[in-house]
file my_file-v7.txt (compact mmCIF, C-alpha atoms and all ligand atoms)
# COMPACT_ATOMS: atom_id res chain seq x y z
CA MET A 1 163.97 15.54 209.21
CA THR A 2 167.51 15.17 210.45
CA HIS A 3 170.13 17.41 209.00
CA SER A 4 173.14 15.60 207.57
CA ALA A 5 176.46 17.22 206.80
CA PRO A 6 177.72 17.18 203.22
CA VAL A 7 179.74 14.06 202.48
CA ILE A 8 182.57 16.23 201.27
CA ALA A 9 183.07 19.96 201.44
CA ILE A 10 186.04 21.89 200.14
CA HIS A 11 186.68 25.53 200.89
CA ASN A 12 189.10 27.82 199.13
CA LEU A 13 191.41 25.08 197.93
CA HIS A 14 194.76 26.12 196.49
CA LYS A 15 197.10 23.72 194.78
CA SER A 16 200.23 24.22 192.70
CA TYR A 17 202.68 21.83 191.13
CA GLY A 18 205.96 23.62 191.85
CA ASP A 19 205.53 27.11 190.42
CA LEU A 20 202.44 26.18 188.42
CA PRO A 21 199.21 27.21 190.14
CA VAL A 22 196.51 24.69 189.23
CA LEU A 23 193.68 25.32 191.71
CA ASN A 24 193.17 28.93 192.75
CA GLY A 25 190.59 28.92 195.50
CA VAL A 26 187.97 26.30 194.70
CA ASP A 27 184.85 25.55 196.76
CA ILE A 28 182.77 22.42 196.34
CA THR A 29 180.07 20.96 198.52
CA ALA A 30 178.66 17.51 197.82
CA PRO A 31 175.49 16.98 199.86
CA LYS A 32 174.43 13.40 200.48
CA GLY A 33 172.62 11.94 197.49
CA HIS A 34 173.65 14.67 195.07
CA VAL A 35 175.43 14.24 191.77
CA ILE A 36 177.91 16.94 190.83
CA ALA A 37 179.26 17.17 187.30
CA LEU A 38 182.63 18.81 186.88
CA ILE A 39 183.29 20.15 183.39
CA GLY A 40 186.00 22.27 181.80
CA SER A 41 188.63 22.16 179.13
CA SER A 42 191.71 19.99 179.32
CA GLY A 43 194.21 21.31 181.86
CA SER A 44 191.61 23.31 183.84
CA GLY A 45 192.37 21.29 186.98
CA LYS A 46 189.48 18.79 187.11
CA SER A 47 191.57 15.67 187.80
CA THR A 48 193.72 17.55 190.28
CA LEU A 49 190.60 18.65 192.15
CA LEU A 50 189.27 15.09 192.40
CA ARG A 51 192.68 13.84 193.53
CA CYS A 52 192.85 16.54 196.19
CA CYS A 53 189.38 15.50 197.42
CA ASN A 54 190.55 12.06 198.40
CA LEU A 55 194.02 13.21 199.41
CA LEU A 56 195.85 11.54 196.54
CA GLU A 57 197.36 15.01 196.08
CA ASP A 58 198.56 17.42 198.67
CA SER A 59 197.32 21.01 198.52
CA GLN A 60 198.81 24.24 199.80
CA ASP A 61 195.85 26.03 201.31
CA GLY A 62 192.16 25.54 201.94
CA GLU A 63 189.99 23.28 203.99
CA ILE A 64 188.58 19.81 203.36
CA LEU A 65 185.75 18.47 205.48
CA PHE A 66 184.53 14.91 205.34
CA ASP A 67 181.07 14.29 206.82
CA GLY A 68 181.26 17.71 208.49
CA LYS A 69 184.61 17.05 210.15
CA PRO A 70 187.79 18.76 208.98
CA VAL A 71 190.48 16.45 207.64
CA LEU A 72 192.60 19.25 206.27
CA TRP A 73 192.65 22.70 207.79
CA ALA A 74 193.06 26.04 206.07
CA GLY A 75 196.36 27.84 206.44
CA ALA A 76 199.37 27.99 204.21
CA GLY A 77 202.80 26.58 205.02
CA LEU A 78 203.60 25.44 208.54
CA ASP A 79 200.19 26.38 209.91
CA ARG A 80 198.53 23.79 207.78
CA ARG A 81 197.61 20.67 209.72
CA PRO A 82 198.04 17.56 207.59
CA ALA A 83 195.50 14.78 207.73
CA SER A 84 196.49 11.88 209.99
CA PRO A 85 197.11 8.44 208.45
CA ALA A 86 193.80 7.28 209.93
CA GLN A 87 191.98 10.20 208.29
CA VAL A 88 193.68 9.52 204.97
CA ARG A 89 192.52 5.90 205.15
CA GLN A 90 189.02 6.96 206.14
CA ILE A 91 188.72 9.41 203.29
CA ARG A 92 190.22 7.09 200.65
CA THR A 93 187.89 4.24 201.52
CA ASN A 94 184.89 6.55 201.74
CA LEU A 95 185.51 8.45 198.53
CA SER A 96 186.09 5.69 196.04
CA MET A 97 187.59 6.72 192.75
CA VAL A 98 186.99 5.38 189.23
CA PHE A 99 189.62 6.36 186.69
CA GLN A 100 189.58 6.89 182.94
CA GLN A 101 192.00 3.99 182.40
CA PHE A 102 190.16 1.58 184.77
CA ASN A 103 193.40 0.76 186.66
CA LEU A 104 192.46 -2.86 187.38
CA TRP A 105 195.25 -5.06 188.68
CA SER A 106 196.23 -7.30 185.79
CA HIS A 107 197.55 -10.11 188.00
CA LEU A 108 194.22 -10.51 189.81
CA THR A 109 190.95 -11.89 188.48
CA VAL A 110 187.94 -9.60 188.27
CA LEU A 111 186.53 -10.98 191.53
CA GLN A 112 189.90 -10.64 193.27
CA ASN A 113 190.15 -7.04 192.05
CA VAL A 114 186.80 -6.25 193.63
CA MET A 115 187.61 -8.06 196.90
CA GLU A 116 191.17 -6.80 197.39
CA ALA A 117 190.72 -3.46 199.18
CA PRO A 118 187.78 -4.45 201.39
CA ILE A 119 189.83 -7.37 202.71
CA ILE A 120 193.32 -5.84 202.82
CA VAL A 121 192.55 -2.20 203.66
CA GLN A 122 189.20 -2.42 205.40
CA LYS A 123 189.96 -5.81 207.00
CA ARG A 124 186.45 -7.06 206.40
CA ASP A 125 185.38 -10.66 206.55
CA ARG A 126 186.23 -12.60 203.37
CA ALA A 127 182.90 -14.41 203.05
CA GLU A 128 180.92 -11.18 203.52
CA VAL A 129 183.13 -9.39 200.99
CA GLU A 130 182.83 -12.17 198.42
CA GLU A 131 179.06 -12.14 198.66
CA LYS A 132 178.97 -8.36 198.19
CA ALA A 133 181.56 -8.48 195.39
CA ARG A 134 179.48 -10.99 193.42
CA ALA A 135 176.37 -8.91 194.01
CA TYR A 136 178.08 -5.76 192.71
CA LEU A 137 179.43 -7.60 189.68
CA ALA A 138 175.87 -8.72 188.98
CA LYS A 139 174.63 -5.17 189.46
CA VAL A 140 176.98 -3.86 186.77
CA GLY A 141 176.08 -6.79 184.52
CA ILE A 142 179.29 -8.87 184.55
CA ALA A 143 178.57 -11.61 187.11
CA ASP A 144 179.79 -14.15 184.55
CA LYS A 145 183.22 -12.48 184.38
CA ALA A 146 184.13 -12.99 188.04
CA ASP A 147 186.91 -15.47 187.28
CA ALA A 148 188.19 -13.79 184.11
CA TRP A 149 191.39 -11.76 183.93
CA PRO A 150 191.03 -8.04 183.20
CA SER A 151 192.79 -8.52 179.85
CA GLN A 152 189.98 -10.86 178.75
CA LEU A 153 187.38 -8.11 179.16
CA SER A 154 186.30 -5.34 176.79
CA GLY A 155 186.99 -1.77 177.87
CA GLY A 156 183.36 -1.31 178.90
CA GLN A 157 183.45 -4.48 180.98
CA GLN A 158 186.73 -3.43 182.60
CA GLN A 159 185.26 -0.09 183.55
CA ARG A 160 182.19 -1.79 184.99
CA ALA A 161 184.49 -4.06 187.01
CA ALA A 162 186.25 -0.92 188.27
CA ILE A 163 182.88 0.51 189.30
CA ALA A 164 182.01 -2.73 191.13
CA ARG A 165 185.38 -2.50 192.87
CA ALA A 166 184.63 1.06 193.99
CA LEU A 167 181.15 0.05 195.21
CA CYS A 168 182.46 -2.92 197.19
CA MET A 169 184.23 -0.50 199.54
CA GLU A 170 180.74 0.70 200.51
CA PRO A 171 181.92 4.30 200.12
CA GLN A 172 180.02 7.44 201.10
CA ALA A 173 180.65 8.89 197.66
CA LEU A 174 182.02 7.90 194.27
CA LEU A 175 184.47 10.07 192.35
CA PHE A 176 184.63 9.46 188.60
CA ASP A 177 187.41 10.91 186.47
CA GLU A 178 186.26 10.81 182.81
CA PRO A 179 184.94 7.26 183.19
CA THR A 180 183.89 6.92 179.56
CA SER A 181 186.68 8.80 177.77
CA ALA A 182 188.76 5.74 176.96
CA LEU A 183 185.82 3.82 175.49
CA ASP A 184 184.42 3.40 172.01
CA PRO A 185 180.98 4.99 171.65
CA GLU A 186 179.09 1.69 171.78
CA LEU A 187 180.91 0.60 174.96
CA GLU A 188 180.47 4.05 176.44
CA GLN A 189 176.71 3.53 176.64
CA GLU A 190 176.91 0.45 178.86
CA VAL A 191 179.02 2.37 181.38
CA ILE A 192 176.76 5.42 181.19
CA LYS A 193 173.80 3.19 181.99
CA VAL A 194 175.51 1.88 185.13
CA ILE A 195 176.35 5.43 186.22
CA LYS A 196 172.78 6.55 185.57
CA ASP A 197 171.44 3.68 187.69
CA LEU A 198 173.75 4.71 190.53
CA ALA A 199 172.54 8.31 190.28
CA ALA A 200 168.92 7.13 190.35
CA GLU A 201 169.69 5.17 193.54
CA GLY A 202 170.68 8.41 195.25
CA ARG A 203 174.42 7.80 195.43
CA THR A 204 176.58 10.81 196.14
CA MET A 205 178.89 11.30 193.18
CA ILE A 206 181.29 13.80 191.67
CA ILE A 207 181.82 13.10 187.99
CA VAL A 208 184.40 14.70 185.77
CA THR A 209 183.11 14.26 182.27
CA HIS A 210 183.33 15.57 178.73
CA ASP A 211 179.90 14.06 178.08
CA MET A 212 177.58 17.04 178.40
CA ARG A 213 174.52 14.93 177.72
CA MET A 214 175.28 12.59 180.62
CA ALA A 215 176.09 15.60 182.83
CA ALA A 216 172.76 17.20 181.94
CA ASP A 217 170.87 13.93 182.45
CA ILE A 218 172.15 12.88 185.83
CA SER A 219 173.59 15.81 187.75
CA ASP A 220 171.95 18.06 190.31
CA HIS A 221 174.69 20.62 190.02
CA VAL A 222 177.23 21.45 187.34
CA ILE A 223 180.56 23.16 187.99
CA PHE A 224 182.53 24.69 185.13
CA LEU A 225 186.21 24.97 185.98
CA HIS A 226 188.44 27.36 184.07
CA GLN A 227 192.13 27.78 184.87
CA GLY A 228 191.71 26.43 188.37
CA ARG A 229 188.72 28.58 189.30
CA ILE A 230 185.00 27.99 189.24
CA GLU A 231 183.93 30.19 186.36
CA GLU A 232 180.26 29.29 186.61
CA GLU A 233 178.06 26.76 188.41
CA GLY A 234 174.43 25.95 188.91
CA PRO A 235 171.69 23.46 188.09
CA PRO A 236 172.15 21.74 184.71
CA GLU A 237 169.18 23.56 183.16
CA ALA A 238 170.87 26.90 183.87
CA VAL A 239 174.46 25.94 183.04
CA PHE A 240 173.57 24.22 179.78
CA GLY A 241 170.37 26.13 178.95
CA ALA A 242 171.43 29.67 179.76
CA PRO A 243 175.18 29.91 180.33
CA GLN A 244 176.15 33.36 181.61
CA SER A 245 179.90 33.61 181.17
CA GLN A 246 181.47 33.97 177.79
CA ARG A 247 184.03 31.26 178.58
CA LEU A 248 181.33 28.74 179.37
CA GLN A 249 179.42 29.73 176.23
CA GLN A 250 182.58 29.19 174.19
CA PHE A 251 183.32 25.89 175.90
CA LEU A 252 179.84 24.55 175.27
CA SER A 253 179.69 25.67 171.64
CA ALA A 254 183.15 24.23 170.92
CA GLY A 255 181.89 20.82 172.02
CA GLN A 256 178.92 20.72 169.64
P1 LIG A 301 192.26 18.35 183.72
O1 LIG A 301 191.95 17.08 184.44
O2 LIG A 301 191.20 19.40 183.85
O3 LIG A 301 192.63 18.13 182.29
P2 LIG A 301 194.63 18.37 185.39
O4 LIG A 301 194.14 18.50 186.78
O5 LIG A 301 195.05 17.03 184.94
O6 LIG A 301 193.54 19.01 184.41
O7 LIG A 301 195.85 19.35 185.17
C1 LIG A 301 195.83 20.71 185.51
C2 LIG A 301 197.19 21.31 185.26
O8 LIG A 301 198.14 20.74 186.15
C3 LIG A 301 197.75 21.09 183.86
O9 LIG A 301 198.46 22.23 183.48
C4 LIG A 301 198.67 19.91 184.04
O10 LIG A 301 199.69 19.93 183.08
C5 LIG A 301 199.21 20.14 185.43
N1 LIG A 301 199.57 18.88 186.13
C6 LIG A 301 198.73 17.84 186.38
N2 LIG A 301 199.35 16.87 187.07
C7 LIG A 301 200.62 17.30 187.26
C8 LIG A 301 201.77 16.75 187.92
N3 LIG A 301 201.71 15.56 188.54
N4 LIG A 301 202.90 17.49 187.91
C9 LIG A 301 202.94 18.69 187.33
N5 LIG A 301 201.91 19.28 186.70
C10 LIG A 301 200.75 18.59 186.66
MG MG A 302 191.80 15.13 183.77
call {"tool": "encode", "arguments": {"input": "my_file-v7.txt", "output": "structure tokens", "more": "lines below"}}
Ligand code: ADP
Ligand code: MG
result
Amino acid sequence: MTHSAPVIAIHNLHKSYGDLPVLNGVDITAPKGHVIALIGSSGSGKSTLLRCCNLLEDSQDGEILFDGKPVLWAGAGLDRRPASPAQVRQIRTNLSMVFQQFNLWSHLTVLQNVMEAPIIVQKRDRAEVEEKARAYLAKVGIADKADAWPSQLSGGQQQRAAIARALCMEPQALLFDEPTSALDPELEQEVIKVIKDLAAEGRTMIIVTHDMRMAADISDHVIFLHQGRIEEEGPPEAVFGAPQSQRLQQFLSAGQ
């Protein structure tokens, strides 16, 4: 068996907004094919952590490795080597993000939304991209919406279009930031099903979610973030079945 490096590895990440420390030394490793669920109360730093992963946010200290290669080195202040523009592009296209609010472009049709980045950013062939885009729209169950505008879709359909858009980049990993939080319960299920199918296919994913049932169902590893630190982590059976820290116990019982 060949050994493959984790898709993304983060060591000792520190991030503040001005004087406000938000991440205080976080480590995450996402091995290929694993699903990591990131849980924690509002303001614990989950979104910031995802955004740091794909370099949408700068960080002050810590190391980020993509596919075993450092893109951001440890070292505070002037010692810190920033990622090059080529590395930023590589990491953004390889760690595709799906947001709570879908973030589809309203002036583009669903198909155009899915095709945009592969053509403009990745400079791939239009015919190849269109074929893949239609296949991914079919995969998430909205092939018939290719020529619709985002505003003509339900929230669940918009989120599925956003997932097709992320998949069309052919990324190494998918990052989801509360993908079902903006949806009504009945629409939530159709998005959860798509995410479950992706997990079953062996996609590498990091999912921020408030949905403990989905986290327990699909993740290999659960990380509980509290005030910018990992308070507890482990396999879902342990984190949900036998939480050790009082904060995690409180967090889980508050959600019932
Ligand atoms: P979560 O996703 O777990 O709810 P966030 O990562 O969004 O947490 O936020 C963590 C903390 O950082 C919060 O205190 C939040 O107010 C603060 N924060 C988030 N984004 C910004 C920003 N762009 N500028 C300043 N503070 C921010
Ligand atoms: Mg958030």
call {"tool": "closest_residue", "arguments": {"input": "my_file-v7.txt", "among": "A:Gln246, A:Gln227, A:Ser42, A:Ser96", "to": "ligand MG 302 (chain A)", "atoms": "all atoms listed in the file"}}
result
A:Ser42
call {"tool": "residues_near_ligand", "arguments": {"input": "my_file-v7.txt", "ligand": "ligand MG 302 (chain A)", "cutoff": "7 Å", "atoms": "only C-alpha atoms and all ligand atoms", "output": "number ranges by chain"}}
result
A: 42-43, 45-47, 177
call {"tool": "closest_atom_pairs", "arguments": {"input": "my_file-v7.txt", "of": "chain A", "to": "ligand LIG 301 (chain A)", "cutoff": "12 Å", "atoms": "all atoms listed in the file", "output": "JSON lines"}}
result
{"residue": "A:Lys15", "atom": "CA", "partner": "A:LIG301", "partner_atom": "O8", "distance": 9.2}
{"residue": "A:Ser16", "atom": "CA", "partner": "A:LIG301", "partner_atom": "O8", "distance": 7.7}
{"residue": "A:Tyr17", "atom": "CA", "partner": "A:LIG301", "partner_atom": "C9", "distance": 4.9}
{"residue": "A:Gly18", "atom": "CA", "partner": "A:LIG301", "partner_atom": "C9", "distance": 7.3}
{"residue": "A:Asp19", "atom": "CA", "partner": "A:LIG301", "partner_atom": "C9", "distance": 9.3}
{"residue": "A:Leu20", "atom": "CA", "partner": "A:LIG301", "partner_atom": "N5", "distance": 7.1}
{"residue": "A:Pro21", "atom": "CA", "partner": "A:LIG301", "partner_atom": "O8", "distance": 7.7}
{"residue": "A:Val22", "atom": "CA", "partner": "A:LIG301", "partner_atom": "C2", "distance": 5.3}
{"residue": "A:Leu23", "atom": "CA", "partner": "A:LIG301", "partner_atom": "C1", "distance": 8.0}
{"residue": "A:Asn24", "atom": "CA", "partner": "A:LIG301", "partner_atom": "C1", "distance": 11.3}
{"residue": "A:Leu38", "atom": "CA", "partner": "A:LIG301", "partner_atom": "O2", "distance": 9.1}
{"residue": "A:Ile39", "atom": "CA", "partner": "A:LIG301", "partner_atom": "O2", "distance": 8.0}
{"residue": "A:Gly40", "atom": "CA", "partner": "A:LIG301", "partner_atom": "O2", "distance": 6.3}
{"residue": "A:Ser41", "atom": "CA", "partner": "A:LIG301", "partner_atom": "O2", "distance": 6.0}
{"residue": "A:Ser42", "atom": "CA", "partner": "A:LIG301", "partner_atom": "O3", "distance": 3.6}
{"residue": "A:Gly43", "atom": "CA", "partner": "A:LIG301", "partner_atom": "O6", "distance": 3.5}
{"residue": "A:Ser44", "atom": "CA", "partner": "A:LIG301", "partner_atom": "O2", "distance": 3.9}
{"residue": "A:Gly45", "atom": "CA", "partner": "A:LIG301", "partner_atom": "O4", "distance": 3.3}
{"residue": "A:Lys46", "atom": "CA", "partner": "A:LIG301", "partner_atom": "O2", "distance": 3.7}
{"residue": "A:Ser47", "atom": "CA", "partner": "A:LIG301", "partner_atom": "O1", "distance": 3.7}
{"residue": "A:Thr48", "atom": "CA", "partner": "A:LIG301", "partner_atom": "O4", "distance": 3.7}
{"residue": "A:Leu49", "atom": "CA", "partner": "A:LIG301", "partner_atom": "O4", "distance": 6.4}
{"residue": "A:Leu50", "atom": "CA", "partner": "A:LIG301", "partner_atom": "O4", "distance": 8.2}
{"residue": "A:Arg51", "atom": "CA", "partner": "A:LIG301", "partner_atom": "O4", "distance": 8.3}
{"residue": "A:Cys52", "atom": "CA", "partner": "A:LIG301", "partner_atom": "O4", "distance": 9.7}
{"residue": "A:Leu56", "atom": "CA", "partner": "A:LIG301", "partner_atom": "N3", "distance": 10.7}
{"residue": "A:Glu57", "atom": "CA", "partner": "A:LIG301", "partner_atom": "N3", "distance": 8.7}
{"residue": "A:Asp58", "atom": "CA", "partner": "A:LIG301", "partner_atom": "N3", "distance": 10.8}
{"residue": "A:Phe99", "atom": "CA", "partner": "A:LIG301", "partner_atom": "O1", "distance": 11.2}
{"residue": "A:Gln100", "atom": "CA", "partner": "A:LIG301", "partner_atom": "O1", "distance": 10.6}
{"residue": "A:Phe176", "atom": "CA", "partner": "A:LIG301", "partner_atom": "O1", "distance": 11.4}
{"residue": "A:Asp177", "atom": "CA", "partner": "A:LIG301", "partner_atom": "O1", "distance": 7.9}
{"residue": "A:Glu178", "atom": "CA", "partner": "A:LIG301", "partner_atom": "O1", "distance": 8.6}
{"residue": "A:Ser181", "atom": "CA", "partner": "A:LIG301", "partner_atom": "O1", "distance": 11.9}
{"residue": "A:Ile207", "atom": "CA", "partner": "A:LIG301", "partner_atom": "O1", "distance": 11.4}
{"residue": "A:Val208", "atom": "CA", "partner": "A:LIG301", "partner_atom": "O1", "distance": 8.0}
{"residue": "A:Thr209", "atom": "CA", "partner": "A:LIG301", "partner_atom": "O1", "distance": 9.5}
{"residue": "A:His210", "atom": "CA", "partner": "A:LIG301", "partner_atom": "O2", "distance": 10.1}
{"residue": "A:Phe224", "atom": "CA", "partner": "A:LIG301", "partner_atom": "O2", "distance": 10.2}
{"residue": "A:Leu225", "atom": "CA", "partner": "A:LIG301", "partner_atom": "O2", "distance": 7.8}
{"residue": "A:His226", "atom": "CA", "partner": "A:LIG301", "partner_atom": "O2", "distance": 8.4}
{"residue": "A:Gln227", "atom": "CA", "partner": "A:LIG301", "partner_atom": "C1", "distance": 8.0}
{"residue": "A:Gly228", "atom": "CA", "partner": "A:LIG301", "partner_atom": "C1", "distance": 7.6}
{"residue": "A:Arg229", "atom": "CA", "partner": "A:LIG301", "partner_atom": "O2", "distance": 11.0}
{"residue": "A:Ile230", "atom": "CA", "partner": "A:LIG301", "partner_atom": "O2", "distance": 11.9}
call {"tool": "atom_distance", "arguments": {"input": "my_file-v7.txt", "atom1": "CA of Gln157 (chain A)", "atom2": "CA of Leu252 (chain A)"}}
result
29.8 Å
call {"tool": "residues_around", "arguments": {"input": "my_file-v7.txt", "residues": "Ala5 (chain A)", "least_positions_apart": "4", "cutoff": "8 Å", "atoms": "all atoms listed in the file", "output": "PyMOL selection string"}}
result
chain A and resi 31-32+67-68
call {"tool": "closest_residue", "arguments": {"input": "my_file-v7.txt", "among": "A:Thr29, A:Asn12, A:Gln244, A:Thr180", "to": "Ile206 (chain A)", "atoms": "all atoms listed in the file"}}
result
A:Thr29
call {"tool": "atom_distance", "arguments": {"input": "my_file-v7.txt", "atom1": "CA of Ile120 (chain A)", "atom2": "CA of Ala133 (chain A)"}}
result
14.2 Å
call {"tool": "residues_around", "arguments": {"input": "my_file-v7.txt", "residues": "Val129 (chain A)", "least_positions_apart": "2", "cutoff": "9 Å", "atoms": "only C-alpha atoms", "output": "list in words"}}
result
Val114, Met115, Pro118, Ile119, Arg124, Asp125, Arg126, Ala127, Glu131, Lys132, Ala133, Arg134 and Cys168 of chain A
call {"tool": "closest_residue", "arguments": {"input": "my_file-v7.txt", "among": "A:Met214, A:Ala135, A:Glu201, A:Leu104", "to": "Gln159 (chain A)", "atoms": "all atoms listed in the file"}}
result
A:Leu104
call {"tool": "closest_residue", "arguments": {"input": "my_file-v7.txt", "among": "A:Glu231, A:Val71, A:Gln172, A:Thr93", "to": "Val121 (chain A)", "atoms": "only C-alpha atoms"}}
result
A:Thr93
call {"tool": "residues_around", "arguments": {"input": "my_file-v7.txt", "residues": "Lys145 (chain A)", "least_positions_apart": "3", "cutoff": "7 Å", "atoms": "all atoms listed in the file", "output": "PyMOL selection string"}}
result
chain A and resi 110+142+148
call {"tool": "atom_distance", "arguments": {"input": "my_file-v7.txt", "atom1": "CA of Trp73 (chain A)", "atom2": "CA of Cys53 (chain A)"}}
result
13.0 Å
call {"tool": "residues_around", "arguments": {"input": "my_file-v7.txt", "residues": "region 185-191 of chain A", "least_positions_apart": "3", "cutoff": "12 Å", "atoms": "all atoms listed in the file", "output": "ChimeraX atom specification"}}
result
/A:98,100,102,139-142,153-164,176,178-182,194-198,211,213-214
call {"tool": "closest_residue", "arguments": {"input": "my_file-v7.txt", "among": "A:Ala254, A:Ala117, A:Val239, A:Ile223", "to": "Ile28 (chain A)", "atoms": "only C-alpha atoms"}}
result
A:Ile223
